[in-house]
Amino acid sequence: MKIWDVVKQLNTEFAEREEVIEGLVIALIARQHALLIGPPGTGKSALVTEVIRRMTGAKHFQWLLTRFSTPEELFGPVSLQELEQGVYKRNTVGKLPEAHTSFLDEIFKANSAILNALLTLINERLFYNDSAPTKVPLISLVGSSNEYTEEGEGLEALFDRFLLRFEVNYIGEDQAFVDMLKSQISLPVNMTMEDLYQLQSFSDTVTISDAMYDNLSQIRSELRDQGIQPSDCRFKQILSILRAKAVLAGRTSVIAEDMLILKHSLWEMPDQQDKVAKIIRFHAQDAIKTKVEDALSEVADVLHNLKKEGDTTDAALEAIKKIKSIAADLKVLQIETPTRLDIRDALQSIQASLTHITTHVLGV
């Protein structure tokens, strides 16, 4: 499928953005919306632009919101010709109500004059023009923000409209950073709107087994035990995400591993993300993969703490000791399951981290 070529090319152009790229593509297939949150300079706008650039035939609307933005900027100016006839109607040509895809940067800057129309347009795909509801062709809207909303700002409903939410941070790995510096934007691999419509049609036919529904019920129960309560409506909507995930993998049914993407859907507050991810991973992936990811996460924490301590010799020696202990546990796991390539890859990554410490910190 062309979509695979699109994803592959984007992954080579944007370092450490695989999950976000997959999420944006899945949002298009599932007809859902996505939110990117992260500091300035993380390439949020560039990434969305490159995804949309590969959709030939799509009408796209993009805008940077400020607290001074007016409805005219998003929805079009009032038609003077209609106004002379006593009709208050906007000219929406080239604006959000006529777009298939949209990117609204700094979306939480939307003021109350924009917010109500935006909520209805995103959720119900309706735009009220002269009080008459008009169906809009919007497939997916991507919002971005440099920061989370604050409680009491009245933006909770807007935040809830985004079924997929991704934190986009600065590139972590040194080699990935170098790859980013060297990368060049190549001629894009494109797909047409007809290709997308076909994927959406396939997605509608993907089956979800009773076992998967039971898994979702268990996830819901465990989240509630942690004080996290996504709405019933949200759980209903994530079925479209699971089906799109299966389509992107070339399957006609949802499997447990597809549920991994739900770690970007089922949290309500930023501090809930780790708890949600842990519960999702328990139900969505095999135990070995979980252990491998936990090991890599522990190594990342060790490296982060080493930088915080100023890359001193004592801190470096302590970091090496901890990382070697993590690697030793993985080597035992590798002996028990020698066919698992993910363990081999993790050990290679860990060895690269050890080499970096010895050469760049200790100077050995």
# chains A, B, ... in the order shown; residues from 1 in each chain; ligands from 1

call {"tool": "residues_around", "arguments": {"residues": "region 179-184 of chain A", "least_positions_apart": "4", "cutoff": "8 Å", "atoms": "only C-alpha atoms", "output": "ChimeraX atom specification"}}
result
/A:12-15,175

call {"tool": "residues_around", "arguments": {"residues": "Ala249 (chain A)", "least_positions_apart": "4", "cutoff": "9 Å", "atoms": "only C-alpha atoms", "output": "ChimeraX atom specification"}}
result
/A:4,244-245

call {"tool": "closest_atom_pairs", "arguments": {"of": "region 13-58 of chain A", "to": "region 201-225 of chain A", "cutoff": "12 Å", "atoms": "only C-alpha atoms", "output": "Markdown table"}}
result
| residue | atom | partner | partner_atom | distance |
| --- | --- | --- | --- | --- |
| A:Ile26 | CA | A:Ser203 | CA | 10.1 |
| A:Ala27 | CA | A:Ser203 | CA | 11.6 |
| A:Leu28 | CA | A:Ser203 | CA | 11.0 |
| A:Ile29 | CA | A:Ser203 | CA | 7.3 |
| A:Ala30 | CA | A:Ser203 | CA | 7.4 |
| A:Arg31 | CA | A:Ser203 | CA | 10.3 |

call {"tool": "write_last_selection", "arguments": {"atoms": "N, CA and C atoms", "output": "mmCIF file, in the first residue's frame"}}
result
data_model
loop_
_atom_site.group_PDB
_atom_site.id
_atom_site.type_symbol
_atom_site.label_atom_id
_atom_site.label_comp_id
_atom_site.auth_asym_id
_atom_site.auth_seq_id
_atom_site.Cartn_x
_atom_site.Cartn_y
_atom_site.Cartn_z
ATOM 1 N N ILE A 26 -2.938 7.226 11.282
ATOM 2 C CA ILE A 26 -4.089 6.493 11.815
ATOM 3 C C ILE A 26 -5.272 7.430 12.018
ATOM 4 N N ALA A 27 -5.008 8.651 12.468
ATOM 5 C CA ALA A 27 -6.088 9.628 12.631
ATOM 6 C C ALA A 27 -6.787 9.895 11.305
ATOM 7 N N LEU A 28 -6.019 9.979 10.220
ATOM 8 C CA LEU A 28 -6.616 10.182 8.899
ATOM 9 C C LEU A 28 -7.501 9.005 8.500
ATOM 10 N N ILE A 29 -6.998 7.790 8.717
ATOM 11 C CA ILE A 29 -7.766 6.602 8.348
ATOM 12 C C ILE A 29 -9.024 6.478 9.211
ATOM 13 N N ALA A 30 -8.888 6.801 10.497
ATOM 14 C CA ALA A 30 -9.997 6.638 11.437
ATOM 15 C C ALA A 30 -10.961 7.821 11.451
ATOM 16 N N ARG A 31 -10.620 8.879 10.693
ATOM 17 C CA ARG A 31 -11.432 10.111 10.675
ATOM 18 C C ARG A 31 -11.503 10.739 12.073
#

call {"tool": "closest_residue", "arguments": {"among": "A:Gly172, A:Gly76, A:Gly154, A:Gly227", "to": "Asn116 (chain A)", "atoms": "only C-alpha atoms"}}
result
A:Gly154

call {"tool": "select_by_dssp", "arguments": {"residues": "region 25-227 of chain A", "states": "helix (DSSP H, G or I)", "output": "VMD selection string"}}
result
chain A and resid 25 to 30 44 to 53 71 to 75 80 to 84 96 to 98 107 to 109 112 to 124 156 to 160 174 to 182 193 to 205 210 to 225

call {"tool": "residues_around", "arguments": {"residues": "Leu74 (chain A)", "least_positions_apart": "6", "cutoff": "8 Å", "atoms": "only C-alpha atoms", "output": "list of chain:residue names"}}
result
A:Trp63, A:Lys95, A:Leu96

call {"tool": "residues_around", "arguments": {"residues": "Thr120 (chain A)", "least_positions_apart": "4", "cutoff": "12 Å", "atoms": "only C-alpha atoms", "output": "number ranges by chain"}}
result
A: 97, 114-116, 124-128, 133-136, 138, 157-158, 161

call {"tool": "closest_residue", "arguments": {"among": "A:Ala315, A:Leu333, A:Leu260, A:Leu10", "to": "Ala346 (chain A)", "atoms": "only C-alpha atoms"}}
result
A:Leu333

call {"tool": "closest_residue", "arguments": {"among": "A:His60, A:Arg90, A:Lys308, A:His283", "to": "Ala256 (chain A)", "atoms": "only C-alpha atoms"}}
result
A:His283

call {"tool": "closest_residue", "arguments": {"among": "A:Ser140, A:Thr192, A:Ser231, A:Gln348", "to": "Leu104 (chain A)", "atoms": "only C-alpha atoms"}}
result
A:Ser140

call {"tool": "select_by_dssp", "arguments": {"residues": "region 129-213 of chain A", "states": "strand (DSSP E or B)", "output": "number ranges by chain"}}
result
A: 129, 132-135, 140-145, 164-167, 191-192, 207

call {"tool": "closest_residue", "arguments": {"among": "A:Asn146, A:Arg344, A:Leu187, A:Val78", "to": "Lys289 (chain A)", "atoms": "only C-alpha atoms"}}
result
A:Arg344

call {"tool": "atom_distance", "arguments": {"atom1": "CA of Ile255 (chain A)", "atom2": "CA of Arg243 (chain A)"}}
result
9.6 Å

call {"tool": "residues_around", "arguments": {"residues": "His33 (chain A)", "least_positions_apart": "3", "cutoff": "7 Å", "atoms": "only C-alpha atoms", "output": "ChimeraX atom specification"}}
result
/A:27,140-142,162-164

call {"tool": "atom_distance", "arguments": {"atom1": "CA of Glu336 (chain A)", "atom2": "CA of Glu173 (chain A)"}}
result
29.2 Å

call {"tool": "closest_residue", "arguments": {"among": "A:Tyr170, A:Phe235, A:Phe282, A:Phe177", "to": "Lys44 (chain A)", "atoms": "only C-alpha atoms"}}
result
A:Tyr170

call {"tool": "atom_distance", "arguments": {"atom1": "CA of Gly152 (chain A)", "atom2": "CA of Pro230 (chain A)"}}
result
19.2 Å

call {"tool": "decode", "arguments": {"residues": "region 162-191 of chain A", "atoms": "N, CA, C and O atoms", "output": "compact mmCIF listing (two decimals), in the first residue's frame"}}
result
# COMPACT_ATOMS: atom_id res chain seq x y z
N PHE A 162 -9.82 15.71 21.06
CA PHE A 162 -8.69 15.05 20.41
C PHE A 162 -8.55 13.62 20.94
O PHE A 162 -8.19 13.42 22.10
N LEU A 163 -8.82 12.66 20.07
CA LEU A 163 -8.80 11.26 20.50
C LEU A 163 -7.37 10.74 20.67
O LEU A 163 -7.12 9.84 21.45
N LEU A 164 -6.43 11.33 19.94
CA LEU A 164 -5.02 10.96 20.07
C LEU A 164 -4.23 12.18 20.53
O LEU A 164 -4.38 13.27 19.96
N ARG A 165 -3.40 11.98 21.57
CA ARG A 165 -2.61 13.09 22.11
C ARG A 165 -1.16 12.62 22.26
O ARG A 165 -0.89 11.61 22.90
N PHE A 166 -0.26 13.39 21.68
CA PHE A 166 1.15 13.00 21.69
C PHE A 166 2.00 14.12 22.28
O PHE A 166 1.85 15.29 21.91
N GLU A 167 2.89 13.75 23.19
CA GLU A 167 3.92 14.69 23.64
C GLU A 167 5.10 14.61 22.66
O GLU A 167 5.60 13.52 22.37
N VAL A 168 5.52 15.75 22.15
CA VAL A 168 6.63 15.81 21.20
C VAL A 168 7.78 16.56 21.87
O VAL A 168 7.68 17.76 22.12
N ASN A 169 8.86 15.84 22.18
CA ASN A 169 9.99 16.43 22.88
C ASN A 169 11.20 16.56 21.96
O ASN A 169 11.20 16.07 20.83
N TYR A 170 12.23 17.21 22.44
CA TYR A 170 13.46 17.33 21.68
C TYR A 170 14.08 15.95 21.48
O TYR A 170 13.86 15.03 22.28
N ILE A 171 14.83 15.79 20.42
CA ILE A 171 15.48 14.51 20.11
C ILE A 171 16.41 14.13 21.25
O ILE A 171 17.21 14.95 21.74
N GLY A 172 16.31 12.87 21.70
CA GLY A 172 17.08 12.42 22.84
C GLY A 172 18.41 11.79 22.49
O GLY A 172 19.46 12.17 23.03
N GLU A 173 18.42 10.81 21.59
CA GLU A 173 19.63 10.08 21.25
C GLU A 173 20.57 10.94 20.40
O GLU A 173 20.14 11.62 19.47
N ASP A 174 21.86 10.90 20.72
CA ASP A 174 22.85 11.70 19.99
C ASP A 174 22.90 11.33 18.51
O ASP A 174 22.96 12.21 17.64
N GLN A 175 22.84 10.02 18.22
CA GLN A 175 22.93 9.60 16.82
C GLN A 175 21.69 10.03 16.04
O GLN A 175 21.78 10.45 14.88
N ALA A 176 20.54 9.97 16.69
CA ALA A 176 19.31 10.43 16.04
C ALA A 176 19.38 11.93 15.77
O ALA A 176 18.90 12.41 14.74
N PHE A 177 20.01 12.67 16.68
CA PHE A 177 20.17 14.10 16.50
C PHE A 177 21.07 14.38 15.29
O PHE A 177 20.77 15.24 14.46
N VAL A 178 22.15 13.62 15.17
CA VAL A 178 23.06 13.79 14.03
C VAL A 178 22.34 13.44 12.73
O VAL A 178 22.48 14.13 11.71
N ASP A 179 21.55 12.36 12.77
CA ASP A 179 20.79 11.96 11.58
C ASP A 179 19.83 13.07 11.16
O ASP A 179 19.64 13.30 9.96
N MET A 180 19.23 13.74 12.15
CA MET A 180 18.32 14.84 11.86
C MET A 180 19.06 15.99 11.16
O MET A 180 18.56 16.58 10.20
N LEU A 181 20.28 16.28 11.65
CA LEU A 181 21.05 17.36 11.04
C LEU A 181 21.42 17.05 9.60
O LEU A 181 21.46 17.93 8.74
N LYS A 182 21.68 15.78 9.32
CA LYS A 182 22.09 15.37 7.98
C LYS A 182 20.92 15.17 7.03
O LYS A 182 21.10 15.19 5.81
N SER A 183 19.73 14.95 7.57
CA SER A 183 18.58 14.59 6.73
C SER A 183 18.19 15.73 5.80
O SER A 183 18.36 16.91 6.12
N GLN A 184 17.67 15.36 4.65
CA GLN A 184 17.18 16.33 3.67
C GLN A 184 15.79 15.92 3.22
O GLN A 184 15.49 14.73 3.11
N ILE A 185 14.94 16.93 3.00
CA ILE A 185 13.59 16.65 2.53
C ILE A 185 13.66 16.19 1.08
O ILE A 185 14.15 16.91 0.21
N SER A 186 13.20 14.99 0.83
CA SER A 186 13.25 14.43 -0.52
C SER A 186 11.92 14.64 -1.23
O SER A 186 10.94 15.12 -0.64
N LEU A 187 11.89 14.28 -2.49
CA LEU A 187 10.62 14.35 -3.23
C LEU A 187 9.61 13.44 -2.54
O LEU A 187 9.88 12.26 -2.29
N PRO A 188 8.45 13.98 -2.17
CA PRO A 188 7.53 13.20 -1.36
C PRO A 188 6.88 12.04 -2.12
O PRO A 188 6.58 12.13 -3.31
N VAL A 189 6.70 10.94 -1.38
CA VAL A 189 5.87 9.84 -1.87
C VAL A 189 4.43 10.24 -1.58
O VAL A 189 4.09 10.55 -0.43
N ASN A 190 3.61 10.29 -2.59
CA ASN A 190 2.25 10.79 -2.41
C ASN A 190 1.21 9.69 -2.46
O ASN A 190 1.42 8.61 -3.03
N MET A 191 0.07 9.99 -1.84
CA MET A 191 -1.12 9.15 -1.99
C MET A 191 -2.30 10.08 -2.25
O MET A 191 -2.29 11.24 -1.84
